[in-house]
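S.K.: Got a structure for you, written out below as structure tokens; questions coming shortly.
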Amino acid sequence: TAVEEYQHMRTQAIYAQDRVHLTDQLIAVAGLRLEHYDITAGVGTTENSDTNGTALIPNAGLVWEVRPDASLYANVARTFRPNSSINSAYGSLDPEEGISYEIGSKLDVTDWLSGTLALFYAEKKNVAYALAPNVYSTAGLVRSKGVELDLAGQLTDELQVIGSYGLTDAVVVEDEDPLLVGNTLANVARHTASLRIAYDYGEVFDGAGSLRFGGAIKGVGRRAGDADNLFDLPGYGVVDLFASYTIEREHPIEIQLNLNNIFDKTYYTSSIGSSALGIAVGQSFNAALSVSMKF
């Protein structure tokens with residue numbers, strides 16, 4: 001007999017944000033969110049998590065519009081995430097809390113190419129991790145820093161390209177177990193990248209509709225499989241294709257076919273963080289056909 005797993009989370013929040021032009025080129029943004037959460041989770045009649053609380057989550061930033069096609073920005077924000085578990089009783093652990101900083105630039109390189117470059121630094125405490133199956137703890141302090149680059153280009157009237165790259169260095173800075181200090185976080189890849197290409201073919205079938213097709217490749221680098229860094233999950237790359245046909249009418253109808261993992265590559269998306277016996281396998285080759293109507 002199957003045993004039902006459940007997780008019930010209820011949140012109520014009030015959020016306010018304002019944007020003020022300090023000068024014609026300098027803009028200040030500030031926000032504040034007051035959130036209350038109540039979480040229960042468990043298996044069958046066993047309740048493994050029962051936690052609630054209230055958090056005040058502020059953020060602030062500055063944007064400097066250097067010129068119409070370029071801007072610099074900086075922001076700082078508090079991060080917050082309650083800890084809960086369906087299968088193991090560690091709901092009494094404190095919520096994950098931290099602070100993040102980001103500086104970056106948005107630039108229209110040419111009329112057909114734009115990009116965003118960002119540098120980030122974040123610290124979090126009480127990040128839950130698995131020491132062994134059904135044995136959990138929280139890291140005293142985790143630090144991550146890195147770079148993100150996004151580029152979007154309209155190479156021709158029909159051809160669009162979007163690319164991204166991320167470099168992330170995430171390590172344990174403080175912990176009750178000194179052997180974990182300096183270890184990289186489980187399931188966090190140092191390198192990630194993606195490239196998406198789309199081509200608008202235009203009208204087909206004597207103007208009855210329009211055709212668009214393309215593909216994407218996503219790459220994820222090697223990453224630690226457990227908190228002790230005893231094994232790694234190998235890096236992988238997955239290729240997807242898509243084609244969509246839009247019937248032009250008062251309420252356009254779009255028919256789209258997605259072919260995912262077209263080379264049927266075996267890859268591993270994540271681990272449970274404590275053992276090589278709990279590894280999630282990525283989807284094999286699959287196809288999905290969808291039909292939608294716009295109103």
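Chain labels run A, B, ... following the order of the structure tokens; each chain numbers its residues from 1, and ligands are numbered from 1 in the order shown.
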As a ChimeraX atom specification, please: the residues near His251 of chain A (cut-off 7 Å, only C-alpha atoms, same-chain neighbours under 4 positions excluded).
M.R.: /A:293-295
S.K.: List every residue of segment 39-92 of chain A that has an atom at most 6 Å from any atom of segment 96-117 of chain A, and for each one report the closest atom pair and its distance in Å to one decimal, counting only C-alpha atoms, with rows sorted by chain and then by increasing residue number, as a Markdown table.
M.R.:
```
| residue | atom | partner | partner_atom | distance |
| --- | --- | --- | --- | --- |
| A:Asp69 | CA | A:Asp108 | CA | 5.2 |
| A:Ala70 | CA | A:Leu107 | CA | 4.4 |
| A:Ser71 | CA | A:Lys106 | CA | 5.3 |
| A:Leu72 | CA | A:Ser105 | CA | 4.4 |
| A:Tyr73 | CA | A:Gly104 | CA | 5.4 |
| A:Ala74 | CA | A:Ile103 | CA | 4.2 |
| A:Asn75 | CA | A:Glu102 | CA | 5.4 |
| A:Val76 | CA | A:Tyr101 | CA | 4.6 |
| A:Ala77 | CA | A:Ser100 | CA | 5.4 |
| A:Arg78 | CA | A:Ile99 | CA | 4.4 |
| A:Thr79 | CA | A:Gly98 | CA | 4.9 |
| A:Phe80 | CA | A:Glu97 | CA | 4.6 |
| A:Arg81 | CA | A:Glu96 | CA | 5.0 |
| A:Pro82 | CA | A:Glu96 | CA | 5.9 |
```
S.K.: So, counting only C-alpha atoms, which residue among A:Asp24, A:Asp157, A:Asp38, A:Asp264 is closest to Tyr201 of chain A?
M.R.: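 That would be A:Asp157, the residue with the smallest distance to Tyr201 of chain A.
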S.K.: Let me make sure I understand: among A:Gly214, A:Asn52, A:Val173, A:Leu141, which one has the smallest atom-to-atom distance to Val161 of chain A if we use only C-alpha atoms?
M.R.: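 Of the candidates, the smallest distance to Val161 of chain A is held by A:Gly214.
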S.K.: Using only C-alpha atoms, which residues sit within 8 Å of Leu185 of chain A once same-chain residues fewer than 2 positions away are excluded, as a ChimeraX atom specification?
M.R.: /A:170-172,183,187-188,224,226-227
S.K.: Keeping only N, CA and C atoms, write those residues as a compact mmCIF listing (two decimals), in the first residue's frame.
M.R.:
```txt
# COMPACT_ATOMS: atom_id res chain seq x y z
N ALA A 170 30.98 28.02 -4.51
CA ALA A 170 30.19 27.92 -3.29
C ALA A 170 30.85 26.94 -2.32
N VAL A 171 31.22 27.43 -1.14
CA VAL A 171 31.94 26.59 -0.17
C VAL A 171 31.38 26.80 1.24
N VAL A 172 31.65 25.84 2.10
CA VAL A 172 31.30 25.94 3.52
C VAL A 172 32.40 26.72 4.22
N ASN A 183 34.79 22.65 2.02
CA ASN A 183 34.18 21.78 1.02
C ASN A 183 33.22 22.58 0.14
N ASN A 187 25.79 19.42 -5.25
CA ASN A 187 24.87 19.73 -6.35
C ASN A 187 25.03 21.14 -6.92
N VAL A 188 26.09 21.86 -6.55
CA VAL A 188 26.32 23.20 -7.10
C VAL A 188 27.48 23.11 -8.09
N ALA A 224 30.04 18.47 -6.72
CA ALA A 224 30.15 17.53 -5.61
C ALA A 224 28.83 16.81 -5.41
N ASP A 226 28.16 14.98 -2.48
CA ASP A 226 27.79 14.90 -1.07
C ASP A 226 28.53 15.97 -0.28
N ALA A 227 28.11 16.14 0.98
CA ALA A 227 28.69 17.18 1.83
C ALA A 227 30.17 16.92 2.12
```
S.K.: Counting only C-alpha atoms, which of A:Phe213, A:Tyr129, A:Phe205, A:Tyr245 gets nearest to Leu259 of chain A?
M.R.: A:Phe213
S.K.: For the structure I just gave you, how does DSSP split segment 1-211 of chain A - specifically, which residues are strand (DSSP E or B)? Reply as a PyMOL selection string.
M.R.: chain A and resi 5-21+26-43+46-67+70-81+96-108+113-125+127-132+135-139+141-154+159-174+184+191-204+209-211
S.K.: When distances are computed from only C-alpha atoms, which of A:Leu22, A:Ala288, A:Leu119, A:Ile279 shows the smallest separation from Ile255 of chain A?
M.R.: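 Checking each of A:Leu22, A:Ala288, A:Leu119, A:Ile279 against Ile255 of chain A, counting only C-alpha atoms, the winner is A:Ala288.
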S.K.: Go through A:Gly202, A:Gly209, A:Gly219, A:Pro58 and flag the residue nearest Ile253 of chain A, using only C-alpha atoms for the distances.
M.R.: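 Once distances to Ile253 of chain A are computed over only C-alpha atoms, the minimum belongs to A:Gly209.
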S.K.: Show me, as a PyMOL selection string, the residues that have an atom within 12 Å of Leu230 of chain A when counting only C-alpha atoms, minus same-chain residues fewer than 4 positions from it.
M.R.: chain A and resi 131+179-180+183-186+223-226+273-276
S.K.: Select, from A:Trp64, A:Val147, A:Ala13, A:Gly53, the residue with the minimum atom-to-atom distance to Gln25 of chain A, counting only C-alpha atoms.
M.R.: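 Of all the options, A:Trp64 lies closest to Gln25 of chain A.
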S.K.: Applying 9 Å and only C-alpha atoms, which residues near segment 236-240 of chain A remain after dropping the ones on its own chain fewer than 2 positions away? List them as a PyMOL selection string.
M.R.: chain A and resi 214-222+234+242+258-269
S.K.: Got a sec: who's within 9 Å of Glu158 of chain A, counting only C-alpha atoms, leaving out chain neighbours fewer than 3 positions off, as a PyMOL selection string?
M.R.: chain A and resi 154-155+198-202
S.K.: Within 6 Å of Asn126 of chain A, counting only C-alpha atoms, which residues qualify if same-chain residues fewer than 5 places away don't, as a list in words?
M.R.: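 Listing them by chain and then by number gives Glu96, Thr138, Ala139 and Gly140 of chain A.
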S.K.: Any chance you could export the current selection's N, CA and C atoms as a PDB file, in the first residue's frame?
M.R.:
```pdb
ATOM      1  N   GLU A  96      16.819  29.087   6.904  1.00  0.00           N
ATOM      2  CA  GLU A  96      17.999  29.531   6.168  1.00  0.00           C
ATOM      3  C   GLU A  96      17.916  31.043   5.980  1.00  0.00           C
ATOM      4  N   THR A 138      22.736  21.551   9.668  1.00  0.00           N
ATOM      5  CA  THR A 138      22.828  22.804   8.923  1.00  0.00           C
ATOM      6  C   THR A 138      24.252  23.331   9.014  1.00  0.00           C
ATOM      7  N   ALA A 139      24.724  23.882   7.893  1.00  0.00           N
ATOM      8  CA  ALA A 139      26.050  24.479   7.871  1.00  0.00           C
ATOM      9  C   ALA A 139      26.020  25.799   8.638  1.00  0.00           C
ATOM     10  N   GLY A 140      27.090  26.068   9.386  1.00  0.00           N
ATOM     11  CA  GLY A 140      27.129  27.316  10.142  1.00  0.00           C
ATOM     12  C   GLY A 140      27.099  28.526   9.234  1.00  0.00           C
TER      13      GLY A 140
END
```
S.K.: Between atom CA of Arg67 of chain A and atom CA of Gly31 of chain A, what distance in Å does the model show, to one decimal?
M.R.: 25.6 Å
